[in-house]
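Reviewing the structure listed below.
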Amino acid sequence: MSAPLGTLRHAAAAFPDLLRVSWADMVAYRAEIVIWFLTGTLPIIMMLVWDRVAEAGDIGRFDQPAFAAYFTATLACRQLTGSWVVWEINQLIRTGSLSPALLKPLNPLLFLSAESLAEKPLRAAILVPLVALLFLWRPDMPLPLSPVQLSLAVVAIGLGWLLNVAIQVCFGCLAFRLEQTMGLYMVWFGLWALLSGYLFPLELMPPVARAVVQVLPFRATLGIPVEVLTGALSGWDAVGGLGLQVAWVLAVGLLARLLWRRGVRRYEAYGA
Amino acid sequence: MSATAVLRAVVAELRVAGMLAMRYRASFLAETVMSFGWVAWTVIPLLVVYEYRADVQGWTRDQALLVVGLFITLEGLLGALVEPNLRAVVEQVRDGTFDYTLLKPIDTQLLVSIHRIQPTELPHALSGLVVVGVAASRLDPLPGLGDVAAAALLLVAGLMLLHGLWTIVVATSFWFVRVDNLSVLLRSLLDAGRWPVGYYRGIVRFVLTWIVPVGLITTFPAMALRGQLQPQLLLATCGVSLGFSLLARAVWRFALRHYTSASS
């Protein structure tokens, strides 16, 4: 069942159209996206808290503007790398709407990733005024963005998104076998929030914990894009970070492919 | 309808809710275990902050832990008592079955407020109380009986406020059917309540104290346990929450009068 080159080219040709359709969908539901956007605003609260904590003096390399820059980047990267594919897959399998989706000549996962990608411009559009507001509040926020650094950050964000999608496909595929999969994903999400740099910079963890967390996939989804965007990771270190991301994308991507294929075979065997 | 009849109906509703929750025993157990994990999730960021500071804005670690514990408790109570019920109303309005609820010979607001209680969220509230207990036992001086009573009173007042807030949101669903997202929005605002409201500055603090009274809900009871809440503030909070509940009830009744139902 290996995908021959023809299928791949076929998929690549269809993808822009998928994006266009999904984009129209997103524009239709733009108000909901604003609401969903607001569910990812915990970094703003953390920013206000750490800003207060750093008032009495620097914490590690962070002073007040540095915390502001860190959490602004976290907010942006979270919005741009996030995905809810796991929920969609869960829904497809549970309601049986996967059956008609499988009849189409394209992999349903392609539709889902197009949907997730198509909402990114809208999220970015909401981000712009918000980030501008945060800059008004702390104009001395350090964001050393050379063209090179910025392009590295864009790649890191893209890889973070890809890794998130792959991870969520894995969790979504559990629905082929288990009843309660969203609960399991929420466990992952909880760990992720603590270990990815979402709630506090990983540098503030004790050194031993930090050394472990450094290489885990959590940081690869969010921490690395944030570090590149804030300039904490630059030059070859940044390239190394991207390398780690690529490694995780490949590893989890292969696992996701395996789980998806097995799941679909099992699903078809039931004759749904 | 007599008071005993209402009481009997309430007890029956609660029993059914309990039975529904216990239906999937394994899932119930798993959720109980999970709720303790979520406690750790909420507490850890606070511990990281207090690794670096002994005192932030006049709150030591144990004192701030009171706020976190109260936040978890209210989150659990909200998830158990308020949210599932009001979500159910929105669904009924959408598919038209709300008419059957209206026909029942019992106060509609009471009925929809207890119809879908989710006991699986109660362990979450309980573990929040454990956090409060642990933090309170480390305070110096220990809170007196009066302080605990004041805190309990404020907790109830906070819950009433949340219930009123959600009721008003649901009442708007009679006009705008899609409001379940609004409850997502309220939740994310509530998130600010995990830190003492004194951490925030300027307009944010003002909004969190007086507009979306998150601070009032979690910080005031913690201040009561620290013995630092002036009696006037206690009275004012109870007054505000009572007034807000009455307002919510008025809004609800107004909305009911204008409910056009599915068939008309």
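Residues are referred to by chain and number: the chain letter is A, B, ... according to the order shown in the structure tokens, the number counts from 1 in that chain, and ligands are numbered separately from 1 in the order shown.
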Task: Distance query region 191-195 of chain B at most 10 Å, only C-alpha atoms, self and fewer than 4 positions along chain excluded, as a PyMOL selection string - done: (chain A and resi 39+41-42+44-46+48-49) or (chain B and resi 42-43+46+64-72+74-75+186-187+199-200+204+208-209+213-219)
Print the selection's residues with C-alpha atoms to a file, as an mmCIF file, in the first residue's frame.
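Final output, out-v6.cif:
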data_model
loop_
_atom_site.group_PDB
_atom_site.id
_atom_site.type_symbol
_atom_site.label_atom_id
_atom_site.label_comp_id
_atom_site.auth_asym_id
_atom_site.auth_seq_id
_atom_site.Cartn_x
_atom_site.Cartn_y
_atom_site.Cartn_z
ATOM 1 C CA THR A 39 -8.987 29.932 24.559
ATOM 2 C CA THR A 41 -4.673 33.388 25.715
ATOM 3 C CA LEU A 42 -3.259 31.929 28.926
ATOM 4 C CA ILE A 44 -1.158 36.808 28.443
ATOM 5 C CA ILE A 45 -2.074 36.024 32.036
ATOM 6 C CA MET A 46 1.320 34.419 32.584
ATOM 7 C CA LEU A 48 1.187 39.807 33.517
ATOM 8 C CA VAL A 49 2.164 37.550 36.416
ATOM 9 C CA THR B 42 -2.497 24.308 38.162
ATOM 10 C CA VAL B 43 -0.112 24.375 41.121
ATOM 11 C CA LEU B 46 2.927 28.874 41.041
ATOM 12 C CA ALA B 64 -1.044 32.259 47.030
ATOM 13 C CA LEU B 65 -1.699 28.512 47.214
ATOM 14 C CA LEU B 66 -4.978 29.341 48.966
ATOM 15 C CA VAL B 67 -6.047 31.249 45.867
ATOM 16 C CA VAL B 68 -5.071 28.369 43.571
ATOM 17 C CA GLY B 69 -6.984 25.902 45.744
ATOM 18 C CA LEU B 70 -10.061 28.100 45.720
ATOM 19 C CA PHE B 71 -9.738 28.498 41.962
ATOM 20 C CA ILE B 72 -9.647 24.715 41.488
ATOM 21 C CA LEU B 74 -14.708 26.828 41.916
ATOM 22 C CA GLU B 75 -13.647 25.345 38.595
ATOM 23 C CA LEU B 186 -16.087 33.125 30.208
ATOM 24 C CA ARG B 187 -13.904 30.158 31.091
ATOM 25 C CA TYR B 199 -0.763 40.615 41.009
ATOM 26 C CA TYR B 200 -2.464 42.494 38.221
ATOM 27 C CA VAL B 204 -6.721 44.590 34.176
ATOM 28 C CA LEU B 208 -11.062 41.449 37.151
ATOM 29 C CA THR B 209 -12.400 42.949 40.363
ATOM 30 C CA PRO B 213 -15.477 39.477 39.263
ATOM 31 C CA VAL B 214 -12.844 36.765 39.107
ATOM 32 C CA GLY B 215 -10.786 38.373 41.849
ATOM 33 C CA LEU B 216 -13.771 38.628 44.099
ATOM 34 C CA ILE B 217 -14.453 34.937 43.612
ATOM 35 C CA THR B 218 -11.024 33.516 44.466
ATOM 36 C CA THR B 219 -8.978 36.261 46.119
#
Proximity check chain B to chain A, 10 Å, nearest pairs one decimal Å, only C-alpha atoms, as JSON lines:
{"residue": "B:Ser27", "atom": "CA", "partner": "A:Gln180", "partner_atom": "CA", "distance": 8.2}
{"residue": "B:Ala30", "atom": "CA", "partner": "A:Gly183", "partner_atom": "CA", "distance": 9.2}
{"residue": "B:Glu31", "atom": "CA", "partner": "A:Gly183", "partner_atom": "CA", "distance": 8.4}
{"residue": "B:Met34", "atom": "CA", "partner": "A:Val187", "partner_atom": "CA", "distance": 8.0}
{"residue": "B:Gly37", "atom": "CA", "partner": "A:Val187", "partner_atom": "CA", "distance": 8.5}
{"residue": "B:Trp38", "atom": "CA", "partner": "A:Gly190", "partner_atom": "CA", "distance": 7.5}
{"residue": "B:Ala40", "atom": "CA", "partner": "A:Gly190", "partner_atom": "CA", "distance": 9.7}
{"residue": "B:Trp41", "atom": "CA", "partner": "A:Gly190", "partner_atom": "CA", "distance": 6.7}
{"residue": "B:Thr42", "atom": "CA", "partner": "A:Leu194", "partner_atom": "CA", "distance": 9.5}
{"residue": "B:Ile44", "atom": "CA", "partner": "A:Leu194", "partner_atom": "CA", "distance": 8.0}
{"residue": "B:Pro45", "atom": "CA", "partner": "A:Leu199", "partner_atom": "CA", "distance": 6.8}
{"residue": "B:Leu46", "atom": "CA", "partner": "A:Val49", "partner_atom": "CA", "distance": 9.9}
{"residue": "B:Val48", "atom": "CA", "partner": "A:Met205", "partner_atom": "CA", "distance": 7.4}
{"residue": "B:Val49", "atom": "CA", "partner": "A:Val53", "partner_atom": "CA", "distance": 7.5}
{"residue": "B:Tyr50", "atom": "CA", "partner": "A:Val53", "partner_atom": "CA", "distance": 9.2}
{"residue": "B:Glu51", "atom": "CA", "partner": "A:Leu204", "partner_atom": "CA", "distance": 9.0}
{"residue": "B:Tyr52", "atom": "CA", "partner": "A:Ile59", "partner_atom": "CA", "distance": 7.1}
{"residue": "B:Arg53", "atom": "CA", "partner": "A:Val53", "partner_atom": "CA", "distance": 7.5}
{"residue": "B:Asp55", "atom": "CA", "partner": "A:Val53", "partner_atom": "CA", "distance": 8.9}
{"residue": "B:Val56", "atom": "CA", "partner": "A:Val53", "partner_atom": "CA", "distance": 6.3}
{"residue": "B:Gln57", "atom": "CA", "partner": "A:Arg52", "partner_atom": "CA", "distance": 8.1}
{"residue": "B:Arg178", "atom": "CA", "partner": "A:Glu32", "partner_atom": "CA", "distance": 9.8}
{"residue": "B:Asn181", "atom": "CA", "partner": "A:Ile35", "partner_atom": "CA", "distance": 6.6}
{"residue": "B:Leu182", "atom": "CA", "partner": "A:Ile35", "partner_atom": "CA", "distance": 7.7}
{"residue": "B:Ser183", "atom": "CA", "partner": "A:Ile35", "partner_atom": "CA", "distance": 9.8}
{"residue": "B:Val184", "atom": "CA", "partner": "A:Thr39", "partner_atom": "CA", "distance": 7.0}
{"residue": "B:Leu185", "atom": "CA", "partner": "A:Ile35", "partner_atom": "CA", "distance": 6.4}
{"residue": "B:Leu186", "atom": "CA", "partner": "A:Thr39", "partner_atom": "CA", "distance": 9.6}
{"residue": "B:Arg187", "atom": "CA", "partner": "A:Thr39", "partner_atom": "CA", "distance": 8.2}
{"residue": "B:Ser188", "atom": "CA", "partner": "A:Thr39", "partner_atom": "CA", "distance": 5.7}
{"residue": "B:Leu189", "atom": "CA", "partner": "A:Leu38", "partner_atom": "CA", "distance": 8.8}
{"residue": "B:Asp191", "atom": "CA", "partner": "A:Leu42", "partner_atom": "CA", "distance": 7.4}
{"residue": "B:Ala192", "atom": "CA", "partner": "A:Ile45", "partner_atom": "CA", "distance": 6.2}
{"residue": "B:Gly193", "atom": "CA", "partner": "A:Ile45", "partner_atom": "CA", "distance": 9.6}
{"residue": "B:Arg194", "atom": "CA", "partner": "A:Ile45", "partner_atom": "CA", "distance": 9.6}
{"residue": "B:Trp195", "atom": "CA", "partner": "A:Val49", "partner_atom": "CA", "distance": 7.9}
{"residue": "B:Pro196", "atom": "CA", "partner": "A:Val49", "partner_atom": "CA", "distance": 9.6}
{"residue": "B:Val197", "atom": "CA", "partner": "A:Val49", "partner_atom": "CA", "distance": 10.0}
{"residue": "B:Gly198", "atom": "CA", "partner": "A:Arg52", "partner_atom": "CA", "distance": 9.8}
{"residue": "B:Tyr199", "atom": "CA", "partner": "A:Val49", "partner_atom": "CA", "distance": 6.3}
{"residue": "B:Tyr200", "atom": "CA", "partner": "A:Leu48", "partner_atom": "CA", "distance": 6.5}
{"residue": "B:Arg201", "atom": "CA", "partner": "A:Leu48", "partner_atom": "CA", "distance": 8.2}
{"residue": "B:Val204", "atom": "CA", "partner": "A:Leu48", "partner_atom": "CA", "distance": 9.3}
- [ ] Would you mind listing what lies within 9 Å of region 88-92 of chain A as a PyMOL selection string, with only C-alpha atoms counted and same-chain residues fewer than 5 positions away left out?
- [x] chain A and resi 97-99+101+109+112+168-169+171-176+181-182
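We find CA of Leu110 (chain A) and CA of Trp188 (chain A) to be spaced 23.5 Å apart.
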Open item on the list: Give me, as a ChimeraX atom specification, all polymer residues having an atom no more than 12 Å from Ala125 (chain A), counting only C-alpha atoms and skipping those fewer than 6 positions away in the same chain.
Closed with: /A:27,30,33-34,37,76,79-80,119,131-132
Can you write out the residues you just picked, keeping C-alpha atoms, as a short mmCIF file (atom, residue, chain, number, x, y, z; two decimals), in the first residue's frame?
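This is the output file part07.cif:
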data_model
loop_
_atom_site.label_atom_id
_atom_site.label_comp_id
_atom_site.auth_asym_id
_atom_site.auth_seq_id
_atom_site.Cartn_x
_atom_site.Cartn_y
_atom_site.Cartn_z
CA VAL A 27 -14.20 32.98 6.61
CA ARG A 30 -14.79 33.81 11.47
CA ILE A 33 -12.32 31.58 15.32
CA VAL A 34 -12.15 34.71 17.44
CA PHE A 37 -8.45 32.24 19.65
CA ALA A 76 1.85 33.97 18.55
CA GLN A 79 -1.86 30.31 17.69
CA LEU A 80 0.17 29.53 14.57
CA GLU A 119 -7.37 29.08 9.50
CA VAL A 131 0.74 42.11 19.46
CA ALA A 132 0.65 45.82 18.58
#
Task: Residue among B:Ala222, B:Val93, B:Val134, B:Ala17 lying closest to Pro119 (chain B), counting only C-alpha atoms - done: B:Ala17
- [ ] Quick one: pick out all alpha helix (DSSP H) residues within region 62-94 of chain B from a backbone DSSP run and write them as a PyMOL selection string.
- [x] chain B and resi 62-77+83-94
For the residues selected in the previous step, produce a file with N, CA, C and O atoms as an mmCIF file, in the first residue's frame.
data_model
loop_
_atom_site.group_PDB
_atom_site.id
_atom_site.type_symbol
_atom_site.label_atom_id
_atom_site.label_comp_id
_atom_site.auth_asym_id
_atom_site.auth_seq_id
_atom_site.Cartn_x
_atom_site.Cartn_y
_atom_site.Cartn_z
ATOM 1 N N ASP B 62 2.418 29.992 50.400
ATOM 2 C CA ASP B 62 1.262 29.301 50.981
ATOM 3 C C ASP B 62 -0.007 30.129 50.850
ATOM 4 O O ASP B 62 -1.090 29.594 50.649
ATOM 5 N N GLN B 63 0.162 31.447 50.968
ATOM 6 C CA GLN B 63 -1.017 32.302 50.833
ATOM 7 C C GLN B 63 -1.542 32.278 49.401
ATOM 8 O O GLN B 63 -2.746 32.221 49.170
ATOM 9 N N ALA B 64 -0.618 32.307 48.430
ATOM 10 C CA ALA B 64 -1.044 32.259 47.030
ATOM 11 C C ALA B 64 -1.657 30.900 46.703
ATOM 12 O O ALA B 64 -2.551 30.790 45.859
ATOM 13 N N LEU B 65 -1.163 29.861 47.407
ATOM 14 C CA LEU B 65 -1.699 28.512 47.214
ATOM 15 C C LEU B 65 -3.181 28.447 47.607
ATOM 16 O O LEU B 65 -3.953 27.686 47.026
ATOM 17 N N LEU B 66 -3.561 29.254 48.595
ATOM 18 C CA LEU B 66 -4.978 29.341 48.966
ATOM 19 C C LEU B 66 -5.808 29.743 47.749
ATOM 20 O O LEU B 66 -6.858 29.163 47.470
ATOM 21 N N VAL B 67 -5.315 30.754 47.033
ATOM 22 C CA VAL B 67 -6.047 31.249 45.867
ATOM 23 C C VAL B 67 -6.160 30.155 44.813
ATOM 24 O O VAL B 67 -7.233 29.926 44.242
ATOM 25 N N VAL B 68 -5.045 29.445 44.565
ATOM 26 C CA VAL B 68 -5.071 28.369 43.571
ATOM 27 C C VAL B 68 -6.072 27.297 43.972
ATOM 28 O O VAL B 68 -6.865 26.824 43.153
ATOM 29 N N GLY B 69 -6.056 26.919 45.265
ATOM 30 C CA GLY B 69 -6.984 25.902 45.744
ATOM 31 C C GLY B 69 -8.431 26.335 45.560
ATOM 32 O O GLY B 69 -9.271 25.562 45.102
ATOM 33 N N LEU B 70 -8.704 27.588 45.877
ATOM 34 C CA LEU B 70 -10.061 28.100 45.720
ATOM 35 C C LEU B 70 -10.450 28.133 44.246
ATOM 36 O O LEU B 70 -11.591 27.838 43.882
ATOM 37 N N PHE B 71 -9.489 28.478 43.411
ATOM 38 C CA PHE B 71 -9.738 28.498 41.962
ATOM 39 C C PHE B 71 -10.125 27.100 41.479
ATOM 40 O O PHE B 71 -11.104 26.933 40.753
ATOM 41 N N ILE B 72 -9.356 26.091 41.911
ATOM 42 C CA ILE B 72 -9.647 24.715 41.488
ATOM 43 C C ILE B 72 -11.032 24.293 41.995
ATOM 44 O O ILE B 72 -11.816 23.677 41.270
ATOM 45 N N THR B 73 -11.339 24.663 43.245
ATOM 46 C CA THR B 73 -12.641 24.311 43.815
ATOM 47 C C THR B 73 -13.776 24.905 42.984
ATOM 48 O O THR B 73 -14.725 24.211 42.614
ATOM 49 N N LEU B 74 -13.637 26.181 42.672
ATOM 50 C CA LEU B 74 -14.708 26.828 41.916
ATOM 51 C C LEU B 74 -14.812 26.275 40.504
ATOM 52 O O LEU B 74 -15.911 26.108 39.972
ATOM 53 N N GLU B 75 -13.649 25.954 39.927
ATOM 54 C CA GLU B 75 -13.647 25.345 38.595
ATOM 55 C C GLU B 75 -14.440 24.037 38.628
ATOM 56 O O GLU B 75 -15.261 23.764 37.749
ATOM 57 N N GLY B 76 -14.189 23.228 39.677
ATOM 58 C CA GLY B 76 -14.884 21.954 39.818
ATOM 59 C C GLY B 76 -16.377 22.154 40.003
ATOM 60 O O GLY B 76 -17.192 21.475 39.377
ATOM 61 N N LEU B 77 -16.749 23.093 40.864
ATOM 62 C CA LEU B 77 -18.164 23.339 41.114
ATOM 63 C C LEU B 77 -18.860 23.860 39.861
ATOM 64 O O LEU B 77 -19.980 23.484 39.540
ATOM 65 N N GLU B 83 -22.078 24.629 34.447
ATOM 66 C CA GLU B 83 -21.876 24.519 32.984
ATOM 67 C C GLU B 83 -22.712 23.444 32.301
ATOM 68 O O GLU B 83 -23.363 23.734 31.293
ATOM 69 N N PRO B 84 -22.696 22.187 32.809
ATOM 70 C CA PRO B 84 -23.428 21.141 32.069
ATOM 71 C C PRO B 84 -24.916 21.455 31.953
ATOM 72 O O PRO B 84 -25.513 21.213 30.906
ATOM 73 N N ASN B 85 -25.485 22.036 33.000
ATOM 74 C CA ASN B 85 -26.911 22.366 32.963
ATOM 75 C C ASN B 85 -27.207 23.412 31.908
ATOM 76 O O ASN B 85 -28.127 23.288 31.119
ATOM 77 N N LEU B 86 -26.411 24.457 31.922
ATOM 78 C CA LEU B 86 -26.715 25.541 31.010
ATOM 79 C C LEU B 86 -26.405 25.148 29.567
ATOM 80 O O LEU B 86 -27.080 25.580 28.645
ATOM 81 N N ARG B 87 -25.393 24.279 29.401
ATOM 82 C CA ARG B 87 -25.124 23.773 28.057
ATOM 83 C C ARG B 87 -26.332 22.983 27.557
ATOM 84 O O ARG B 87 -26.703 23.065 26.386
ATOM 85 N N ALA B 88 -26.944 22.229 28.469
ATOM 86 C CA ALA B 88 -28.106 21.424 28.087
ATOM 87 C C ALA B 88 -29.252 22.317 27.628
ATOM 88 O O ALA B 88 -29.953 21.991 26.676
ATOM 89 N N VAL B 89 -29.434 23.452 28.288
ATOM 90 C CA VAL B 89 -30.520 24.363 27.886
ATOM 91 C C VAL B 89 -30.293 24.844 26.458
ATOM 92 O O VAL B 89 -31.212 24.845 25.637
ATOM 93 N N VAL B 90 -29.051 25.245 26.177
ATOM 94 C CA VAL B 90 -28.759 25.747 24.835
ATOM 95 C C VAL B 90 -29.100 24.692 23.797
ATOM 96 O O VAL B 90 -29.694 24.983 22.755
ATOM 97 N N GLU B 91 -28.767 23.446 24.118
ATOM 98 C CA GLU B 91 -29.052 22.358 23.195
ATOM 99 C C GLU B 91 -30.563 22.192 23.011
ATOM 100 O O GLU B 91 -31.043 22.012 21.899
ATOM 101 N N GLN B 92 -31.299 22.271 24.132
ATOM 102 C CA GLN B 92 -32.751 22.107 24.055
ATOM 103 C C GLN B 92 -33.393 23.221 23.240
ATOM 104 O O GLN B 92 -34.338 22.975 22.499
ATOM 105 N N VAL B 93 -32.866 24.431 23.392
ATOM 106 C CA VAL B 93 -33.407 25.545 22.614
ATOM 107 C C VAL B 93 -33.164 25.285 21.134
ATOM 108 O O VAL B 93 -34.031 25.514 20.295
ATOM 109 N N ARG B 94 -32.007 24.729 20.836
ATOM 110 C CA ARG B 94 -31.667 24.509 19.446
ATOM 111 C C ARG B 94 -32.532 23.423 18.815
ATOM 112 O O ARG B 94 -33.003 23.566 17.704
#
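Excluding Met141 (chain A) itself and any same-chain residue fewer than 3 positions from it, the protein and nucleic acid residues within 6 Å of it, counting only C-alpha atoms, are Pro65, Ala69 and Arg138 of chain A.
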